[in-house]
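**Student:** Hey, dropping run_20.cif in here, mmCIF, C-alpha atoms:
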data_entry
#
loop_
_atom_site.label_atom_id
_atom_site.label_comp_id
_atom_site.auth_asym_id
_atom_site.auth_seq_id
_atom_site.Cartn_x
_atom_site.Cartn_y
_atom_site.Cartn_z
CA MET A 1 -69.89 -19.73 -28.84
CA ARG A 2 -68.44 -17.36 -31.43
CA ALA A 3 -67.71 -14.81 -28.72
CA LEU A 4 -66.04 -17.48 -26.58
CA ARG A 5 -63.84 -18.53 -29.48
CA ILE A 6 -62.82 -14.93 -30.07
CA LEU A 7 -62.04 -14.52 -26.39
CA LEU A 8 -59.89 -17.65 -26.41
CA VAL A 9 -58.01 -16.44 -29.49
CA VAL A 10 -57.37 -13.08 -27.83
CA VAL A 11 -56.14 -14.79 -24.66
CA VAL A 12 -53.79 -17.04 -26.65
CA VAL A 13 -52.46 -14.11 -28.67
CA LEU A 14 -51.91 -11.96 -25.60
CA GLY A 15 -50.28 -14.90 -23.80
CA GLY A 16 -47.96 -15.42 -26.74
CA LEU A 17 -47.05 -11.75 -26.81
CA PHE A 18 -46.35 -11.81 -23.07
CA VAL A 19 -44.08 -14.84 -23.42
CA LEU A 20 -42.27 -13.18 -26.33
CA ALA A 21 -41.83 -9.95 -24.39
CA ASP A 22 -40.66 -11.90 -21.34
CA ARG A 23 -38.04 -13.84 -23.32
CA LEU A 24 -36.79 -10.69 -25.07
CA ALA A 25 -36.47 -8.98 -21.70
CA VAL A 26 -34.58 -11.87 -20.11
CA ASN A 27 -32.20 -12.11 -23.07
CA PHE A 28 -31.46 -8.41 -22.81
CA ALA A 29 -30.95 -8.65 -19.04
CA GLU A 30 -28.59 -11.64 -19.43
CA GLY A 31 -26.46 -9.70 -21.91
CA GLU A 32 -26.31 -6.65 -19.65
CA ALA A 33 -25.40 -8.77 -16.62
CA ALA A 34 -22.67 -10.57 -18.57
CA ASP A 35 -21.15 -7.28 -19.71
CA LYS A 36 -21.15 -5.88 -16.18
CA LEU A 37 -19.58 -9.04 -14.75
CA LYS A 38 -16.89 -8.98 -17.44
CA ALA A 39 -16.06 -5.36 -16.64
CA ASN A 40 -16.16 -5.80 -12.84
CA GLU A 41 -13.90 -8.88 -12.82
CA GLY A 42 -11.61 -7.79 -15.67
CA LEU A 43 -12.38 -10.93 -17.67
CA ALA A 44 -10.81 -11.51 -21.08
CA ALA A 45 -14.03 -13.02 -22.49
CA THR A 46 -17.70 -12.39 -21.81
CA PRO A 47 -19.11 -14.94 -19.32
CA ASP A 48 -22.31 -16.92 -19.82
CA VAL A 49 -25.23 -15.66 -17.74
CA SER A 50 -28.54 -17.53 -17.63
CA ILE A 51 -31.51 -16.21 -15.66
CA LYS A 52 -33.83 -19.05 -14.65
CA GLY A 53 -37.47 -18.99 -13.72
CA PHE A 54 -40.60 -17.82 -15.51
CA PRO A 55 -41.94 -15.30 -15.89
CA PHE A 56 -38.89 -13.05 -15.71
CA LEU A 57 -40.84 -9.78 -15.72
CA THR A 58 -42.70 -10.57 -12.51
CA GLN A 59 -39.35 -11.30 -10.82
CA VAL A 60 -38.10 -7.91 -11.98
CA VAL A 61 -41.13 -6.20 -10.48
CA GLY A 62 -40.36 -7.94 -7.18
CA GLY A 63 -36.74 -6.76 -7.30
CA SER A 64 -35.29 -10.27 -6.88
CA LEU A 65 -34.33 -13.12 -9.20
CA ASP A 66 -34.75 -16.67 -7.96
CA ASP A 67 -31.86 -18.34 -9.77
CA VAL A 68 -29.02 -17.04 -11.95
CA GLU A 69 -26.36 -19.32 -13.42
CA VAL A 70 -22.95 -17.91 -14.35
CA GLY A 71 -20.27 -19.66 -16.39
CA ILE A 72 -16.68 -18.47 -16.85
CA LYS A 73 -14.49 -20.60 -19.09
CA ASP A 74 -11.10 -19.18 -18.14
CA TYR A 75 -10.49 -17.20 -14.95
CA GLN A 76 -7.08 -15.99 -13.82
CA ALA A 77 -7.19 -16.14 -10.02
CA ALA A 78 -4.72 -14.31 -7.83
CA THR A 79 -2.24 -16.44 -5.87
CA GLY A 80 -1.14 -14.00 -3.21
CA THR A 81 2.19 -13.51 -5.01
CA SER A 82 2.49 -10.24 -6.88
CA GLY A 83 1.93 -10.64 -10.60
CA GLN A 84 1.28 -14.40 -10.44
CA THR A 85 -2.05 -16.02 -11.23
CA ILE A 86 -3.42 -19.53 -11.66
CA ARG A 87 -5.93 -20.46 -14.36
CA ILE A 88 -9.30 -21.72 -13.16
CA ASP A 89 -11.15 -23.66 -15.85
CA ASP A 90 -14.90 -23.81 -16.40
CA LEU A 91 -16.12 -21.99 -13.30
CA GLN A 92 -19.86 -22.62 -12.95
CA ALA A 93 -21.81 -20.87 -10.21
CA ASP A 94 -25.50 -21.04 -9.29
CA MET A 95 -26.65 -17.81 -7.62
CA ARG A 96 -29.80 -17.86 -5.51
CA GLY A 97 -31.92 -14.93 -4.36
CA VAL A 98 -30.32 -12.24 -6.52
CA GLU A 99 -31.48 -8.77 -5.45
CA PHE A 100 -30.68 -5.75 -7.58
CA SER A 101 -30.89 -1.99 -7.25
CA GLY A 102 -33.56 0.09 -8.96
CA ASP A 103 -31.16 1.26 -11.68
CA TYR A 104 -29.65 -2.27 -12.09
CA SER A 105 -26.16 -0.94 -11.29
CA SER A 106 -25.65 -3.54 -8.54
CA ALA A 107 -26.78 -7.10 -7.91
CA THR A 108 -26.07 -9.38 -4.95
CA ALA A 109 -26.91 -13.07 -4.48
CA SER A 110 -27.86 -14.25 -1.00
CA SER A 111 -26.06 -17.56 -1.64
CA ALA A 112 -24.02 -19.30 -4.30
CA THR A 113 -22.67 -22.77 -4.97
CA GLY A 114 -20.63 -24.01 -7.88
CA THR A 115 -17.78 -25.98 -9.36
CA ALA A 116 -14.50 -25.34 -11.14
CA SER A 117 -11.31 -27.18 -12.04
CA ILE A 118 -7.56 -26.71 -12.24
CA THR A 119 -5.63 -28.85 -14.70
CA TYR A 120 -2.70 -30.91 -13.45
CA ALA A 121 -0.42 -28.99 -15.82
CA GLU A 122 -1.49 -25.72 -14.19
CA LEU A 123 -1.12 -27.07 -10.64
CA LEU A 124 2.31 -28.47 -11.50
CA LYS A 125 3.60 -24.90 -11.75
CA THR A 126 3.20 -24.72 -7.96
CA ALA A 127 5.48 -27.68 -7.23
CA LYS A 128 9.27 -27.49 -7.16
CA SER A 129 10.27 -28.08 -10.77
CA GLU A 130 13.99 -27.41 -10.25
CA PRO A 131 16.19 -30.15 -8.70
CA THR A 132 16.56 -29.58 -4.97
CA GLN A 133 18.92 -31.36 -2.61
CA VAL A 134 17.09 -33.66 -0.20
CA MET A 135 20.26 -35.13 1.29
CA GLN A 136 23.95 -35.36 0.50
CA GLY A 137 24.31 -36.66 -3.07
CA VAL A 138 20.55 -36.78 -3.79
CA THR A 139 18.48 -34.15 -5.61
CA ALA A 140 14.84 -34.43 -6.61
CA ASN A 141 12.00 -32.48 -8.17
CA VAL A 142 8.38 -33.01 -9.19
CA VAL A 143 8.02 -33.60 -12.94
CA GLY A 144 4.38 -34.61 -13.29
CA LEU A 145 0.93 -34.82 -11.73
CA SER A 146 -1.86 -37.16 -12.78
CA ASP A 147 -4.97 -38.97 -11.57
CA GLY A 148 -4.06 -41.60 -8.99
CA GLY A 149 -7.59 -42.97 -8.65
CA ASN A 150 -9.88 -42.92 -5.61
CA GLY A 151 -9.57 -39.16 -5.29
CA LYS A 152 -5.76 -39.20 -5.08
CA ILE A 153 -3.10 -37.34 -7.06
CA LYS A 154 -0.19 -39.35 -8.45
CA VAL A 155 2.97 -37.28 -8.09
CA ALA A 156 5.96 -38.17 -10.27
CA VAL A 157 9.31 -37.28 -8.66
CA GLU A 158 12.54 -37.37 -10.67
CA ALA A 159 15.72 -37.99 -8.68
CA THR A 160 19.46 -37.93 -9.24
CA VAL A 161 21.61 -40.05 -6.88
CA LEU A 162 25.39 -39.47 -6.78
CA GLY A 163 25.28 -37.77 -10.16
CA THR A 164 23.19 -40.46 -11.87
CA LYS A 165 19.59 -39.79 -12.78
CA LEU A 166 17.29 -42.66 -11.89
CA PRO A 167 15.90 -44.30 -15.05
CA GLN A 168 12.28 -43.91 -13.93
CA PRO A 169 10.49 -41.31 -11.79
CA VAL A 170 9.43 -42.31 -8.30
CA TYR A 171 5.65 -42.14 -7.84
CA VAL A 172 3.75 -41.25 -4.68
CA LEU A 173 0.01 -41.02 -4.05
CA SER A 174 -1.05 -37.78 -2.43
CA THR A 175 -4.15 -36.38 -0.80
CA VAL A 176 -5.48 -33.00 -1.91
CA THR A 177 -7.36 -30.83 0.58
CA VAL A 178 -8.47 -27.24 0.91
CA SER A 179 -7.85 -24.99 3.91
CA GLY A 180 -9.38 -21.54 3.63
CA ASP A 181 -8.17 -20.11 0.32
CA THR A 182 -5.35 -22.65 -0.10
CA VAL A 183 -5.21 -26.00 -1.95
CA ARG A 184 -2.73 -28.41 -0.31
CA VAL A 185 -1.14 -31.57 -1.75
CA HIS A 186 0.25 -33.97 0.90
CA ALA A 187 2.01 -37.29 0.18
CA ASP A 188 0.35 -40.28 1.84
CA SER A 189 3.72 -42.03 2.17
CA LEU A 190 7.32 -41.06 1.50
CA PRO A 191 9.41 -42.49 -1.34
CA SER A 192 12.99 -43.69 -1.35
CA PHE A 193 15.39 -42.79 -4.14
CA GLY A 194 17.37 -45.74 -5.49
CA GLY A 195 17.10 -47.44 -2.10
CA VAL A 196 18.22 -44.27 -0.32
CA ARG A 197 15.71 -42.81 2.13
CA ALA A 198 16.07 -39.17 3.11
CA ALA A 199 14.70 -37.44 6.20
CA GLU A 200 10.95 -36.75 6.12
CA ASN A 201 11.21 -32.96 6.20
CA GLU A 202 13.58 -32.90 3.24
CA VAL A 203 11.44 -35.27 1.17
CA ARG A 204 8.23 -33.43 1.96
CA SER A 205 9.84 -30.19 0.85
CA ILE A 206 9.64 -31.76 -2.62
CA THR A 207 6.52 -33.95 -2.58
CA ASP A 208 4.23 -31.62 -0.60
CA PHE A 209 3.17 -28.23 -1.91
CA GLN A 210 0.31 -25.78 -1.76
CA GLN A 211 -1.35 -23.14 -3.89
CA LYS A 212 -3.26 -20.12 -2.64
CA ILE A 213 -6.29 -19.18 -4.76
CA ASP A 214 -7.56 -15.73 -3.96
CA ASP A 215 -10.01 -13.16 -5.28
CA LEU A 216 -12.54 -15.45 -6.96
CA PRO A 217 -15.47 -13.70 -8.72
CA GLY A 218 -17.96 -11.99 -6.46
CA GLY A 219 -16.16 -13.13 -3.33
CA ILE A 220 -17.01 -16.84 -3.59
CA GLN A 221 -14.75 -19.16 -1.60
CA LEU A 222 -13.17 -22.59 -1.98
CA ASP A 223 -15.20 -25.31 -0.28
CA LYS A 224 -13.93 -28.79 -1.24
CA VAL A 225 -11.37 -30.28 -3.63
CA GLU A 226 -10.83 -33.73 -5.09
CA ALA A 227 -8.43 -35.21 -7.61
CA GLY A 228 -10.13 -36.01 -10.92
CA LYS A 229 -9.21 -37.49 -14.26
CA ASN A 230 -7.73 -34.33 -15.79
CA GLY A 231 -7.13 -32.14 -12.77
CA VAL A 232 -8.35 -31.00 -9.39
CA GLU A 233 -12.13 -30.63 -9.16
CA ILE A 234 -13.21 -27.78 -6.90
CA SER A 235 -16.47 -26.95 -5.14
CA VAL A 236 -17.09 -23.30 -4.28
CA LYS A 237 -19.68 -21.52 -2.17
CA GLY A 238 -20.45 -18.07 -0.88
CA SER A 239 -22.99 -15.70 0.61
CA ASN A 240 -23.76 -12.10 -0.29
CA VAL A 241 -21.99 -12.68 -3.61
CA LYS A 242 -21.75 -9.58 -5.78
CA LEU A 243 -22.58 -9.99 -9.46
CA ALA A 244 -22.33 -6.28 -10.19
CA GLY A 245 -21.66 -3.01 -8.43
#
Could I get this file's structure written as structure tokens?
**Tutor:**
Amino acid sequence: MRALRILLVVVVVLGGLFVLADRLAVNFAEGEAADKLKANEGLAATPDVSIKGFPFLTQVVGGSLDDVEVGIKDYQAATGTSGQTIRIDDLQADMRGVEFSGDYSSATASSATGTASITYAELLKTAKSEPTQVMQGVTANVVGLSDGGNGKIKVAVEATVLGTKLPQPVYVLSTVTVSGDTVRVHADSLPSFGGVRAAENEVRSITDFQQKIDDLPGGIQLDKVEAGKNGVEISVKGSNVKLAG
């Protein structure tokens, strides 16, 4: 019995040491991965990297990690226009099947899914903020975006008719969709301005707009979008997503 107790103590101690070594190793690996991702993507702040699954060391021996979560609080995405970016908030990505090279200089996930958001204030920069003529004697411009409920964006349009600014903005509900790398906002119905109704093409040149979002981390792509309380909620996905190298 004494020998059995000693054996059990040894097993517990060795198990504890293995768990400690495993957690130290995973913490080190997470820090290294975060630093590499920051450098590769030119991020202003170090992202959060969390390697899931236990034990970590056996995954390393196999050369593949089951699940890696990445969080980037503030990402400046390219818009396709030289020098212009759009801020993506709270990008969270779940990477599956992450394989890495022997020297850990490169890592690629077989698949990735995630979420992100763009505030209405940020998306507003895409709309026409300067008064534009929609017909003779009528100018209009978008002055605000907000949650319209039921997955719609409420677009506030300010108008001036025959030199007089209307006392209140005109509001339209709009549908937000994604096509490839572009987020599109399309009015469900067209407004009139002080009882004056302009031609559809002219009105839509104000109410409808789009924003290209390019060069997301690792090559992930836009999947779906929906209007939320504080901004546009985005789903992203990708395959063969590069975390490093």
**Student:** So that I can check the surroundings of Phe209 in chain A, please list as a list in words every protein, DNA and RNA residue that reaches within 9 Å of it, counting only C-alpha atoms and ignoring chain neighbours fewer than 3 positions away.
**Tutor:**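 Result of the neighbour search: Thr126, Ala127, Lys128, Val183, Arg184, Val185, His186, Arg204, Ser205 and Ile206 of chain A.
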**Student:** Please write as a short mmCIF file (atom, residue, chain, number, x, y, z; two decimals) with C-alpha atoms, in the frame of the given file the list of polymer residues whose atoms come within 7 Å of (-9.0, -20.7, -9.3), counting all atoms listed in the file and keeping to the coordinates of the file.
**Tutor:**
data_model
loop_
_atom_site.label_atom_id
_atom_site.label_comp_id
_atom_site.auth_asym_id
_atom_site.auth_seq_id
_atom_site.Cartn_x
_atom_site.Cartn_y
_atom_site.Cartn_z
CA TYR A 75 -10.49 -17.20 -14.95
CA GLN A 76 -7.08 -15.99 -13.82
CA ALA A 77 -7.19 -16.14 -10.02
CA ILE A 86 -3.42 -19.53 -11.66
CA ARG A 87 -5.93 -20.46 -14.36
CA ILE A 88 -9.30 -21.72 -13.16
CA ILE A 118 -7.56 -26.71 -12.24
CA ILE A 213 -6.29 -19.18 -4.76
CA LEU A 216 -12.54 -15.45 -6.96
#
**Student:** To test your reading of the syntax: which residues would the PyMOL selection byres ((chain A and resi 99) around 10) return for the file shown? Reply as a list in words.
**Tutor:** Gln59, Val60, Gly62, Gly63, Ser64, Leu65, Asp66, Arg96, Gly97, Val98, Phe100, Ser101, Gly102, Tyr104, Ser106, Ala107, Thr108, Ala109, Ser110, Asn240, Lys242 and Leu243 of chain A
**Student:** Starting from the PyMOL selection byres ((chain A and resi 165) around 12), expand the selection into actual residues of this file and give them as a list in words.
**Tutor:**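 This file gives the following for the PyMOL selection byres ((chain A and resi 165) around 12): Pro131, Gly137, Val138, Thr139, Ala140, Asn141, Val157, Glu158, Ala159, Thr160, Val161, Leu162, Gly163, Thr164, Leu166, Pro167, Gln168, Pro169, Val170, Phe193 and Gly194 of chain A.
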**Student:** Tell me, in Å to one decimal, how far CA of Ala156 in chain A is from CA of Gln133 in chain A.
**Tutor:**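 So the two atoms, CA of Ala156 in chain A and CA of Gln133 in chain A, lie 16.5 Å apart.
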**Student:** Apply the PyMOL selection byres ((chain A and resi 149) around 10) to the displayed file and report the matching residues as a short mmCIF file (atom, residue, chain, number, x, y, z; two decimals) with C-alpha atoms, in the frame of the given file.
**Tutor:**
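Listed below is the output, out.cif:
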data_model
loop_
_atom_site.label_atom_id
_atom_site.label_comp_id
_atom_site.auth_asym_id
_atom_site.auth_seq_id
_atom_site.Cartn_x
_atom_site.Cartn_y
_atom_site.Cartn_z
CA SER A 146 -1.86 -37.16 -12.78
CA ASP A 147 -4.97 -38.97 -11.57
CA GLY A 148 -4.06 -41.60 -8.99
CA ASN A 150 -9.88 -42.92 -5.61
CA GLY A 151 -9.57 -39.16 -5.29
CA LYS A 152 -5.76 -39.20 -5.08
CA ILE A 153 -3.10 -37.34 -7.06
CA LYS A 154 -0.19 -39.35 -8.45
CA LEU A 173 0.01 -41.02 -4.05
CA ALA A 227 -8.43 -35.21 -7.61
CA GLY A 228 -10.13 -36.01 -10.92
CA LYS A 229 -9.21 -37.49 -14.26
#
**Student:** Would you mind listing what lies within 9 Å of Thr79 in chain A as a PyMOL selection string, with only C-alpha atoms counted and same-chain residues fewer than 6 positions away left out?
**Tutor:** chain A and resi 85-86+211-215
**Student:** Near Gly71 in chain A, within 12 Å and counting all atoms listed in the file, which residues show up once chain neighbours fewer than 5 positions away are dropped, as a ChimeraX atom specification?
**Tutor:** /A:30,34,37-38,43,45-51,88-95,114-116,217
**Student:** For the atom pair CA of Lys237 in chain A and CA of Asp223 in chain A, what is the interatomic distance in Å to one decimal place?
**Tutor:**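 Going from CA of Lys237 in chain A over to CA of Asp223 in chain A, I get 6.2 Å.
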**Student:** For CA of Lys125 in chain A and CA of Gly219 in chain A, determine how far apart the two atoms are, in Å to one decimal place.
**Tutor:**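 Here the two named atoms are 24.5 Å from each other.
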**Student:** Quick one: of A:Ser129, A:Asn201, A:Ser239, A:Thr207, who's nearest to Tyr171 in chain A, counting all atoms listed in the file?
**Tutor:**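 Of A:Ser129, A:Asn201, A:Ser239, A:Thr207, the one nearest Tyr171 in chain A, counting all atoms listed in the file, is A:Thr207.
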